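Data block for my_file.txt (compact mmCIF, C-alpha atoms):
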```txt
# COMPACT_ATOMS: atom_id res chain seq x y z
CA MET A 40 20.65 -9.02 13.58
CA SER A 41 22.77 -6.05 14.61
CA LYS A 42 21.57 -3.72 17.31
CA ASP A 43 19.91 -0.41 16.49
CA GLN A 44 21.99 2.48 17.80
CA THR A 45 19.02 4.63 18.76
CA PRO A 46 16.02 3.70 20.93
CA ILE A 47 12.74 3.14 19.07
CA SER A 48 10.61 6.30 18.95
CA PRO A 49 7.05 5.74 17.66
CA LEU A 50 6.64 9.54 17.42
CA LYS A 51 9.66 9.93 15.11
CA ASN A 52 8.38 6.94 13.14
CA PHE A 53 5.10 8.84 12.72
CA PHE A 54 6.68 11.93 11.13
CA ALA A 55 9.30 10.05 9.09
CA GLY A 56 6.65 7.59 7.86
CA GLY A 57 4.47 10.46 6.64
CA PHE A 58 7.35 11.84 4.59
CA GLY A 59 8.12 8.37 3.23
CA GLY A 60 4.49 8.02 2.17
CA VAL A 61 4.57 11.24 0.15
CA CYS A 62 7.73 9.99 -1.63
CA LEU A 63 5.94 6.70 -2.37
CA VAL A 64 2.88 8.36 -3.99
CA PHE A 65 4.93 10.54 -6.32
CA ALA A 66 7.04 7.57 -7.43
CA GLY A 67 4.25 5.01 -7.73
CA HIS A 68 0.90 6.61 -8.61
CA PRO A 69 1.06 6.24 -12.44
CA LEU A 70 1.41 2.45 -12.17
CA ASP A 71 -1.25 2.33 -9.45
CA THR A 72 -3.69 3.98 -11.88
CA ILE A 73 -2.83 1.32 -14.49
CA LYS A 74 -3.21 -1.47 -11.91
CA VAL A 75 -6.73 -0.31 -10.93
CA ARG A 76 -7.81 0.14 -14.57
CA LEU A 77 -6.60 -3.38 -15.44
CA GLN A 78 -8.32 -4.87 -12.38
CA THR A 79 -11.65 -3.16 -13.02
CA GLN A 80 -11.93 -3.27 -16.83
CA PRO A 81 -15.28 -4.72 -17.98
CA ARG A 82 -15.50 -8.28 -19.26
CA PRO A 83 -15.61 -8.19 -23.10
CA LYS A 84 -18.78 -9.27 -24.88
CA PRO A 85 -18.52 -12.30 -27.22
CA GLY A 86 -16.38 -11.38 -30.24
CA GLU A 87 -14.93 -8.28 -28.57
CA SER A 88 -11.41 -7.99 -27.21
CA LEU A 89 -10.39 -6.68 -23.78
CA LEU A 90 -10.23 -2.90 -23.36
CA TYR A 91 -6.57 -3.21 -22.30
CA ALA A 92 -4.40 -6.11 -23.50
CA GLY A 93 -1.96 -5.63 -20.61
CA THR A 94 0.16 -3.18 -18.61
CA ILE A 95 1.98 -1.60 -21.58
CA ASP A 96 -1.22 -1.34 -23.63
CA CYS A 97 -3.07 0.32 -20.74
CA PHE A 98 -0.13 2.73 -20.24
CA LYS A 99 -0.09 3.65 -23.97
CA LYS A 100 -3.87 4.10 -24.23
CA THR A 101 -4.06 6.21 -21.05
CA LEU A 102 -1.16 8.38 -22.23
CA ALA A 103 -2.64 8.80 -25.74
CA LYS A 104 -6.15 9.60 -24.51
CA GLU A 105 -5.46 11.63 -21.35
CA GLY A 106 -1.77 12.54 -21.41
CA VAL A 107 0.56 12.39 -18.38
CA LYS A 108 -2.24 13.97 -16.30
CA GLY A 109 -4.30 10.80 -16.80
CA LEU A 110 -1.60 8.71 -15.10
CA TYR A 111 -1.80 10.97 -12.03
CA LYS A 112 -5.61 10.90 -11.96
CA GLY A 113 -7.01 10.45 -8.46
CA MET A 114 -3.70 11.41 -6.80
CA ALA A 115 -5.28 14.06 -4.55
CA ALA A 116 -6.99 11.39 -2.39
CA PRO A 117 -3.84 9.27 -1.77
CA ILE A 118 -1.68 12.38 -1.11
CA ILE A 119 -4.21 13.60 1.47
CA GLY A 120 -4.69 10.08 2.85
CA VAL A 121 -1.17 8.73 2.44
CA THR A 122 0.70 11.18 4.66
CA PRO A 123 -1.32 10.33 7.79
CA MET A 124 -1.70 6.71 6.63
CA PHE A 125 2.03 6.03 6.31
CA ALA A 126 2.65 8.11 9.43
CA VAL A 127 0.21 5.84 11.30
CA CYS A 128 1.65 2.74 9.58
CA PHE A 129 5.23 3.45 10.68
CA PHE A 130 3.97 4.63 14.09
CA GLY A 131 2.14 1.28 14.50
CA PHE A 132 5.29 -0.61 13.57
CA GLY A 133 7.39 1.46 16.00
CA LEU A 134 4.81 0.96 18.74
CA GLY A 135 4.57 -2.77 18.00
CA LYS A 136 8.36 -3.06 18.34
CA LYS A 137 8.48 -0.96 21.51
CA LEU A 138 5.70 -2.95 23.20
CA GLN A 139 7.68 -6.17 22.70
CA GLN A 140 10.93 -4.79 24.10
CA LYS A 141 11.70 -5.39 27.79
CA THR A 142 14.63 -2.95 27.60
CA PRO A 143 15.48 -0.33 24.90
CA ASN A 144 18.48 -2.45 23.82
CA ASP A 145 16.47 -5.63 23.13
CA VAL A 146 16.91 -6.94 19.58
CA LEU A 147 13.62 -8.32 18.27
CA THR A 148 13.28 -11.65 16.48
CA TYR A 149 11.75 -11.86 12.99
CA PRO A 150 8.41 -13.27 14.31
CA GLN A 151 8.27 -10.28 16.71
CA LEU A 152 8.97 -7.90 13.81
CA PHE A 153 6.21 -9.63 11.80
CA ALA A 154 3.78 -9.13 14.71
CA ALA A 155 4.74 -5.44 14.93
CA GLY A 156 4.19 -5.13 11.16
CA MET A 157 0.74 -6.75 11.43
CA LEU A 158 -0.20 -4.24 14.14
CA SER A 159 0.71 -1.42 11.73
CA GLY A 160 -1.69 -2.98 9.17
CA VAL A 161 -4.55 -2.81 11.69
CA PHE A 162 -3.68 0.84 12.47
CA THR A 163 -3.70 1.90 8.80
CA THR A 164 -6.99 0.28 7.76
CA ALA A 165 -9.16 2.86 9.59
CA ILE A 166 -7.59 5.62 7.45
CA MET A 167 -6.95 3.56 4.36
CA ALA A 168 -10.36 1.98 3.69
CA PRO A 169 -12.24 5.20 2.75
CA GLY A 170 -9.19 6.65 0.92
CA GLU A 171 -8.79 3.46 -1.13
CA ARG A 172 -12.51 3.34 -1.99
CA ILE A 173 -12.44 6.96 -3.19
CA LYS A 174 -9.15 6.45 -5.11
CA CYS A 175 -10.44 3.34 -6.93
CA LEU A 176 -13.65 5.12 -7.94
CA LEU A 177 -11.81 8.27 -9.06
CA GLN A 178 -9.52 6.18 -11.28
CA VAL A 179 -12.58 4.68 -12.97
CA LYS A 180 -15.29 7.40 -12.64
CA TYR A 181 -16.23 10.68 -10.80
CA ASP A 182 -14.77 14.18 -11.23
CA GLY A 183 -12.89 14.76 -7.99
CA PRO A 184 -12.52 13.61 -4.36
CA MET A 185 -15.27 15.85 -2.94
CA ASP A 186 -17.72 14.93 -5.73
CA CYS A 187 -16.99 11.25 -5.01
CA VAL A 188 -17.41 11.55 -1.20
CA LYS A 189 -20.67 13.55 -1.57
CA GLN A 190 -22.21 11.06 -4.00
CA LEU A 191 -21.12 8.03 -1.96
CA TYR A 192 -22.51 9.56 1.22
CA ARG A 193 -25.77 10.52 -0.53
CA GLU A 194 -26.19 7.00 -1.93
CA SER A 195 -25.28 4.86 1.07
CA GLY A 196 -24.14 6.98 4.03
CA ILE A 197 -20.95 6.37 5.99
CA ARG A 198 -21.17 2.65 5.15
CA GLY A 199 -20.64 3.48 1.47
CA ILE A 200 -17.41 5.31 2.24
CA TYR A 201 -16.12 2.44 4.40
CA ARG A 202 -17.19 -0.31 1.99
CA GLY A 203 -14.45 -2.92 1.61
CA THR A 204 -12.91 -2.45 5.09
CA ALA A 205 -12.78 -6.21 5.82
CA LEU A 206 -10.95 -6.77 2.52
CA THR A 207 -8.55 -3.92 3.28
CA LEU A 208 -7.78 -5.63 6.63
CA MET A 209 -7.35 -9.00 4.91
CA ARG A 210 -4.88 -7.38 2.53
CA ASP A 211 -2.97 -5.09 4.88
CA VAL A 212 -2.46 -7.09 8.09
CA PRO A 213 -0.41 -10.01 6.64
CA ALA A 214 1.11 -7.80 3.92
CA SER A 215 2.34 -5.22 6.46
CA GLY A 216 3.90 -8.00 8.52
CA MET A 217 5.74 -9.21 5.41
CA TYR A 218 6.64 -5.62 4.41
CA PHE A 219 8.48 -4.64 7.57
CA THR A 220 9.97 -8.07 8.31
CA SER A 221 11.50 -8.36 4.82
CA TYR A 222 12.86 -4.79 5.05
CA GLU A 223 14.51 -5.44 8.43
CA TRP A 224 15.84 -8.81 7.22
CA LEU A 225 17.37 -7.29 4.06
CA LYS A 226 18.81 -4.39 6.06
CA SER A 227 20.53 -6.82 8.41
CA LEU A 228 21.73 -8.87 5.42
CA LEU A 229 23.20 -5.79 3.70
CA THR A 230 24.79 -4.28 6.83
CA PRO A 231 28.56 -4.88 6.86
CA PRO A 232 29.88 -6.73 9.97
CA GLY A 233 30.41 -4.42 12.94
CA LYS A 234 28.33 -1.61 11.39
CA SER A 235 24.91 -0.29 12.40
CA HIS A 236 21.73 -0.55 10.29
CA ASN A 237 21.66 3.26 10.41
CA GLU A 238 24.89 3.44 8.40
CA LEU A 239 23.51 1.64 5.32
CA SER A 240 24.36 3.21 1.96
CA VAL A 241 21.62 4.82 -0.18
CA PRO A 242 21.71 2.00 -2.82
CA SER A 243 21.31 -0.59 -0.02
CA VAL A 244 18.33 1.28 1.48
CA LEU A 245 16.76 1.60 -1.99
CA PHE A 246 17.26 -2.12 -2.68
CA ALA A 247 15.91 -3.24 0.74
CA GLY A 248 12.91 -0.87 0.45
CA GLY A 249 12.15 -1.88 -3.14
CA MET A 250 12.32 -5.60 -2.33
CA ALA A 251 10.16 -5.08 0.79
CA GLY A 252 7.54 -3.63 -1.57
CA ILE A 253 7.76 -6.71 -3.81
CA PHE A 254 7.35 -9.08 -0.81
CA ASN A 255 4.46 -6.97 0.50
CA TRP A 256 2.53 -7.11 -2.79
CA ALA A 257 3.23 -10.82 -3.36
CA VAL A 258 1.03 -11.36 -0.27
CA ALA A 259 -1.40 -8.49 -0.96
CA ILE A 260 -2.38 -8.90 -4.64
CA PRO A 261 -5.27 -11.48 -4.38
CA PRO A 262 -7.18 -9.58 -1.65
CA ASP A 263 -6.34 -6.31 -3.46
CA VAL A 264 -7.97 -7.58 -6.70
CA LEU A 265 -11.09 -8.60 -4.74
CA LYS A 266 -11.11 -5.23 -2.94
CA SER A 267 -10.81 -3.16 -6.16
CA ARG A 268 -13.61 -5.17 -7.80
CA PHE A 269 -15.85 -4.96 -4.70
CA GLN A 270 -15.29 -1.23 -4.08
CA THR A 271 -16.02 -0.18 -7.68
CA ALA A 272 -19.06 -2.47 -8.16
CA PRO A 273 -22.61 -1.04 -8.22
CA GLU A 274 -24.40 -1.09 -4.84
CA GLY A 275 -25.94 -4.50 -4.09
CA LYS A 276 -24.05 -6.45 -6.78
CA TYR A 277 -22.22 -8.56 -4.17
CA PRO A 278 -24.62 -9.06 -1.21
CA ASN A 279 -22.28 -11.54 0.53
CA GLY A 280 -19.22 -9.32 0.15
CA PHE A 281 -15.86 -10.68 -0.92
CA ARG A 282 -17.10 -14.32 -1.09
CA ASP A 283 -19.38 -13.35 -3.99
CA VAL A 284 -16.55 -11.44 -5.72
CA LEU A 285 -14.21 -14.43 -5.28
CA ARG A 286 -16.77 -16.92 -6.61
CA GLU A 287 -17.60 -14.76 -9.65
CA LEU A 288 -13.95 -14.05 -10.50
CA VAL A 289 -12.80 -17.67 -10.19
CA ARG A 290 -15.87 -19.00 -12.05
CA GLU A 291 -15.66 -16.54 -14.95
CA GLU A 292 -11.94 -15.89 -15.28
CA GLY A 293 -10.12 -18.62 -13.33
CA VAL A 294 -7.69 -18.47 -10.39
CA ALA A 295 -5.18 -16.46 -12.48
CA SER A 296 -7.61 -13.50 -12.32
CA LEU A 297 -6.66 -13.08 -8.63
CA TYR A 298 -3.27 -11.90 -9.89
CA LYS A 299 -4.74 -9.32 -12.32
CA GLY A 300 -2.52 -6.27 -12.64
CA PHE A 301 0.47 -8.31 -11.33
CA ASN A 302 2.97 -6.70 -13.73
CA ALA A 303 1.76 -3.17 -13.01
CA VAL A 304 1.86 -3.85 -9.24
CA MET A 305 5.38 -5.29 -9.31
CA LEU A 306 6.69 -2.59 -11.66
CA ARG A 307 5.34 0.02 -9.23
CA ALA A 308 6.25 -1.79 -6.00
CA PHE A 309 10.03 -1.56 -6.35
CA PRO A 310 10.53 2.16 -7.16
CA ALA A 311 7.63 3.36 -4.99
CA ASN A 312 8.76 1.50 -1.86
CA ALA A 313 12.44 2.21 -2.51
CA ALA A 314 11.45 5.92 -2.52
CA CYS A 315 9.31 5.42 0.59
CA PHE A 316 12.01 3.80 2.73
CA LEU A 317 14.71 6.19 1.52
CA GLY A 318 12.40 9.09 2.47
CA PHE A 319 11.73 7.43 5.83
CA GLU A 320 15.42 6.80 6.62
CA CYS A 321 16.44 10.36 5.59
CA ALA A 322 13.64 11.86 7.70
CA MET A 323 14.65 9.65 10.68
CA LYS A 324 18.26 10.81 10.41
CA PHE A 325 17.08 14.44 10.34
CA LEU A 326 14.75 13.90 13.34
CA ASN A 327 17.46 12.11 15.34
CA TRP A 328 19.75 15.07 14.68
CA LEU A 329 17.03 17.62 15.44
CA ALA A 330 15.65 15.96 18.60
CA PRO A 331 17.98 13.20 19.80
CA ASP A 332 16.07 12.72 23.10
CA LEU A 333 12.53 12.56 21.64
```
Can the structure in the file be given as structure tokens, please?
Amino acid sequence: MSKDQTPISPLKNFFAGGFGGVCLVFAGHPLDTIKVRLQTQPRPKPGESLLYAGTIDCFKKTLAKEGVKGLYKGMAAPIIGVTPMFAVCFFGFGLGKKLQQKTPNDVLTYPQLFAAGMLSGVFTTAIMAPGERIKCLLQVKYDGPMDCVKQLYRESGIRGIYRGTALTLMRDVPASGMYFTSYEWLKSLLTPPGKSHNELSVPSVLFAGGMAGIFNWAVAIPPDVLKSRFQTAPEGKYPNGFRDVLRELVREEGVASLYKGFNAVMLRAFPANAACFLGFECAMKFLNWLAPDL
């Protein structure tokens, strides 16, 4: 692994990560809407067919019924939540790296990078759990973020807003470790000998970021399916939490149901995360130029 030319700055990571998150939402939200609709569609009654046959069918039906606006439904919540969430995510990764360095020039091993990535997953869950719950419900029902928050709070208090936090942790901690480790590994693989990671070309950054998204979701999809189902279910349907959701899904639809929405997730993962990391790297370059000593 080649050495980074600039010391790690969790604060710069915070601002650059926020910008990267905004880039990610704009690039990936339409397929996220399709993913949630596929994961939460009702089970057909005997003799009836599924509401959506697959990713393309869901895309066509959403477009025909609601237009392009339908694909961006529920985007207000992730835009509001995603800027601080990705800021905190990249801050957590930067902090995790910095805490493991004895000197600013230390090059971290891949297990150390994985540990730093897992720390970022813990950091993001506090912000992400309510945002994810609101987003999932908006994509299926409710009129807007405030209507959703008010009704959730009225029905079940703060617990209702934070429902699914354990599942968000189960998804994000290992997935974040995989996300950042695979990105750093691909960056080092694509860096020409004698060059710095910071000098990577735009296509290389896009490829490394896009593939990091694929690796991230390969780990995250099963807990994400359980989380979407749990967070959009009526109150009290799953008294034992994710274990009940897992049992019901596997019993009724088999193990393959844990990879529901796989195509939509993977189609979204590459462009969304390519956009995210390109946004992050560009913002970092700008911040290093603006405040080299920060």
Which is closer to A:Ser296 than all the others in A:Gly196, A:Gly170, A:Val284, A:Thr220, using only C-alpha atoms? A:Val284
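Remark: for A:Thr207, the closest of the candidate residues A:Ala92, A:Ala154, A:Val107, A:Ile166 is A:Ile166 (distances computed over all atoms listed in the file).
For the atom pair formed by atom CA of A:Asp182 and atom CA of A:Leu285, the distance is 29.2 Å, given to one decimal.
When the distance limit is 9 Å and all atoms listed in the file are what count, the residues near A:Met167, minus those fewer than 5 positions from it on the same chain, are A:Pro117, A:Gly120, A:Val121, A:Met124, A:Arg172, A:Thr204, A:Thr207.
Nearest to A:Phe281 of all the residues A:Ala313, A:Leu206, A:Leu138, A:Ile47 is A:Leu206, counting all atoms listed in the file.
The neighbours of A:Lys137 here are the residues that come within 10 Å of it, using only C-alpha atoms and leaving out any residue fewer than 3 positions away in the same chain; they are Pro46, Ile47, Ser48, Pro49, Gly131, Phe132, Gly133, Leu134, Gln140, Lys141, Thr142, Pro143, Asp145, Leu147 and Ala155 of chain A.
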7 Å contact set for A:Val212, all atoms listed in the file, chain neighbours under 4 positions out, as a PyMOL selection string: chain A and resi 157+160-161+208+216
Grab the atom CA of A:Ser215 to atom CA of A:Ile253 distance for me, in Å with one decimal place. 11.7 Å
Extract, using all atoms listed in the file, all DNA, RNA and protein residues at most 9 Å from A:Tyr201, discarding same-chain residues fewer than 2 positions from it, and format them as a PyMOL selection string. chain A and resi 165+168-170+172+197-199+203-204
Rank A:Phe65, A:Phe58, A:Tyr111, A:Tyr298 by their smallest atom-to-atom distance to A:Lys174, using only C-alpha atoms, and report the top residue only. A:Tyr111
Nearby residues (only C-alpha atoms) at most 12 Å from A:Asn237, same-chain spacing under 6 positions excluded, as a JSON list (two decimals) with C-alpha atoms, in the coordinates of the input:
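Result went into part_35.json, see below:
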```json
[["chain", "number", "residue", "atom", "x", "y", "z"],
["A", 41, "SER", "CA", 22.77, -6.05, 14.61],
["A", 42, "LYS", "CA", 21.57, -3.72, 17.31],
["A", 43, "ASP", "CA", 19.91, -0.41, 16.49],
["A", 44, "GLN", "CA", 21.99, 2.48, 17.80],
["A", 45, "THR", "CA", 19.02, 4.63, 18.76],
["A", 46, "PRO", "CA", 16.02, 3.70, 20.93],
["A", 223, "GLU", "CA", 14.51, -5.44, 8.43],
["A", 226, "LYS", "CA", 18.81, -4.39, 6.06],
["A", 227, "SER", "CA", 20.53, -6.82, 8.41],
["A", 229, "LEU", "CA", 23.20, -5.79, 3.70],
["A", 230, "THR", "CA", 24.79, -4.28, 6.83],
["A", 231, "PRO", "CA", 28.56, -4.88, 6.86],
["A", 243, "SER", "CA", 21.31, -0.59, -0.02],
["A", 244, "VAL", "CA", 18.33, 1.28, 1.48],
["A", 317, "LEU", "CA", 14.71, 6.19, 1.52],
["A", 319, "PHE", "CA", 11.73, 7.43, 5.83],
["A", 320, "GLU", "CA", 15.42, 6.80, 6.62],
["A", 321, "CYS", "CA", 16.44, 10.36, 5.59],
["A", 323, "MET", "CA", 14.65, 9.65, 10.68],
["A", 324, "LYS", "CA", 18.26, 10.81, 10.41],
["A", 327, "ASN", "CA", 17.46, 12.11, 15.34]]
```
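Candidate residues A:Lys112, A:Lys299, A:Lys180, A:Arg82 were compared for distance to A:Pro261, and the nearest is A:Lys299, using all atoms listed in the file.
Distances here use all atoms listed in the file; by that measure, the residue among A:Trp256, A:Asn144, A:Phe246, A:Pro232 closest to A:Asn302 is A:Trp256.
As for atom CA of A:Asn279 and atom CA of A:Arg202, they are spaced 12.4 Å apart.
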